[in-house]
>>> print(open('work30.txt').read())   # compact mmCIF, C-alpha atoms
# COMPACT_ATOMS: atom_id res chain seq x y z
CA MET A 1497 14.70 74.50 -29.00
CA LYS A 1498 16.98 75.21 -31.94
CA ILE A 1499 17.20 72.50 -34.59
CA LEU A 1500 20.81 71.90 -35.60
CA ASP A 1501 21.80 71.12 -39.15
CA LYS A 1502 24.35 68.44 -39.99
CA PHE A 1503 27.30 70.87 -39.88
CA GLU A 1504 26.36 72.21 -36.45
CA GLU A 1505 25.87 68.67 -35.15
CA THR A 1506 29.26 67.67 -36.52
CA MET A 1507 30.96 70.67 -34.91
CA GLN A 1508 29.34 69.88 -31.56
CA ARG A 1509 30.48 66.27 -31.80
CA ILE A 1510 34.04 67.34 -32.67
CA SER A 1511 34.11 69.86 -29.82
CA LYS A 1512 33.49 67.00 -27.36
CA MET A 1513 36.42 64.96 -28.68
CA THR A 1514 39.79 64.74 -27.02
CA GLU A 1515 42.68 66.55 -28.70
CA LYS A 1516 43.98 63.21 -29.98
CA GLU A 1517 40.58 62.33 -31.47
CA ARG A 1518 40.32 65.79 -33.11
CA MET A 1519 43.79 65.39 -34.63
CA LYS A 1520 42.85 61.96 -36.01
CA THR A 1521 39.58 63.32 -37.43
CA THR A 1522 41.52 66.16 -39.09
CA GLU A 1523 44.03 63.75 -40.62
CA ASP A 1524 41.24 61.42 -41.80
CA ASN A 1525 39.42 64.35 -43.44
CA LYS A 1526 42.62 65.65 -45.03
CA ALA A 1527 42.98 62.23 -46.66
CA LEU A 1528 39.48 62.62 -48.17
CA CYS A 1529 40.11 66.20 -49.28
CA ILE A 1530 39.96 66.85 -53.04
CA CYS A 1531 41.39 70.39 -52.95
CA PRO A 1532 44.46 69.38 -55.00
CA ASP A 1533 42.14 68.42 -57.89
CA CYS A 1534 40.42 71.83 -57.94
CA PRO A 1535 41.09 74.26 -60.81
CA THR A 1536 41.65 77.05 -58.26
CA TYR A 1537 44.34 75.05 -56.41
CA ASN A 1538 47.80 76.10 -57.55
CA GLU A 1539 51.48 75.19 -57.27
CA CYS A 1540 52.00 77.52 -54.32
CA ALA A 1541 49.22 75.80 -52.36
CA LYS A 1542 50.64 72.42 -53.32
CA LYS A 1543 54.14 73.42 -52.24
CA ASN A 1544 52.82 74.65 -48.89
CA GLY A 1545 50.65 71.56 -48.35
CA GLU A 1546 47.45 73.58 -48.09
CA VAL A 1547 44.23 71.53 -47.95
CA TYR A 1548 41.05 71.19 -45.87
CA TYR A 1549 40.22 74.89 -46.17
CA CYS A 1550 36.61 74.27 -45.14
CA VAL A 1551 37.79 73.68 -41.57
CA LEU A 1552 41.36 75.00 -41.38
CA GLY A 1553 40.69 78.30 -43.15
CA ARG A 1554 41.45 80.18 -46.31
CA SER A 1555 44.77 80.10 -48.11
CA SER A 1556 47.22 82.37 -46.35
CA ILE A 1557 48.95 83.68 -49.49
CA CYS A 1558 48.68 81.18 -52.34
CA ILE A 1559 45.12 81.34 -53.64
CA THR A 1560 43.82 84.76 -54.56
CA GLU A 1561 41.53 84.17 -57.53
CA GLU A 1562 38.50 81.98 -58.18
CA VAL A 1563 39.14 79.73 -61.18
CA GLY A 1564 36.54 77.04 -60.48
CA CYS A 1565 35.25 75.19 -57.44
CA ILE A 1566 34.75 71.48 -56.81
CA CYS A 1567 33.82 71.79 -53.12
CA PRO A 1568 30.27 70.50 -53.75
CA ALA A 1569 31.74 67.23 -55.09
CA CYS A 1570 34.03 66.70 -52.09
CA PRO A 1571 33.09 63.86 -49.73
CA ILE A 1572 33.74 66.19 -46.79
CA THR A 1573 30.92 68.45 -48.00
CA GLU A 1574 28.40 65.67 -47.57
CA ASN A 1575 30.01 64.15 -44.46
CA MET A 1576 30.03 67.47 -42.60
CA GLY A 1577 26.95 69.09 -44.13
CA LEU A 1578 28.80 72.01 -45.71
CA ALA A 1579 26.68 74.57 -47.56
CA ASN A 1580 29.28 77.02 -48.92
CA MET A 1581 32.07 77.05 -51.51
CA TYR A 1582 35.47 78.58 -52.24
CA PHE A 1583 36.73 77.92 -48.73
CA CYS A 1584 40.28 78.54 -50.00
CA ILE A 1585 39.35 82.19 -50.60
CA ASN A 1586 36.27 82.85 -48.44
CA GLY A 1587 37.26 80.99 -45.28
CA THR A 1588 35.83 78.12 -43.28
CA GLU A 1589 32.21 77.00 -43.28
CA ARG A 1590 31.89 78.60 -39.85
CA GLU A 1591 33.29 81.92 -41.07
CA GLN A 1592 31.04 81.95 -44.12
CA ARG A 1593 28.02 81.22 -41.94
CA GLY A 1594 29.03 83.99 -39.56
CA THR A 1595 29.12 81.65 -36.58
CA LYS A 1596 31.81 80.91 -34.02
>>> encode(input="work30.txt", output="structure tokens")
Amino acid sequence: MKILDKFEETMQRISKMTEKERMKTTEDNKALCICPDCPTYNECAKKNGEVYYCVLGRSSICITEEVGCICPACPITENMGLANMYFCINGTEREQRGTK
């Protein structure tokens, strides 16, 4: 039996939610997101309303260079059991773990 870490448990829990519950969870997490305070976050990302990269994915065009990362200090990191950084450039936690 595989032992799941906090992130995997969270993803399993979210996958069992209704679409409405998933949308609410996403909005709640976006409200906790500290991406706009990050030194890597820029005006382009702000203008396009980009946040919550750890789940929604890397910046499509705005963020191209690592300037500094505050992901470890984000409440979402602890809440979801995230282990990686620079989601805005490197992609979601799932992508960085190489899982689907």
>>> residues_around(input="work30.txt", residues="segment 1503-1508 of chain A", least_positions_apart="2", cutoff="7 Å", atoms="only C-alpha atoms", output="ChimeraX atom specification")
/A:1500-1501,1510-1512,1576-1578
>>> atom_distance(input="work30.txt", atom1="atom CA of Tyr1549 of chain A", atom2="atom CA of Lys1502 of chain A")
18.2 Å
>>> atom_distance(input="work30.txt", atom1="atom CA of Glu1591 of chain A", atom2="atom CA of Arg1554 of chain A")
9.9 Å
>>> closest_residue(input="work30.txt", among="A:Arg1590, A:Cys1584, A:Arg1509, A:Asn1525", to="Glu1546 of chain A", atoms="only C-alpha atoms")
A:Cys1584
>>> atom_distance(input="work30.txt", atom1="atom CA of Lys1516 of chain A", atom2="atom CA of Val1551 of chain A")
16.8 Å
>>> residues_around(input="work30.txt", residues="Gly1564 of chain A", least_positions_apart="4", cutoff="12 Å", atoms="all atoms listed in the file", output="list in words")
Cys1531, Asp1533, Cys1534, Pro1535, Thr1536, Tyr1537, Asn1538, Ile1559, Pro1568, Met1581, Tyr1582, Phe1583, Cys1584 and Ile1585 of chain A
>>> closest_residue(input="work30.txt", among="A:Gly1545, A:Gly1587, A:Pro1571, A:Gly1553", to="Ile1530 of chain A", atoms="only C-alpha atoms")
A:Pro1571
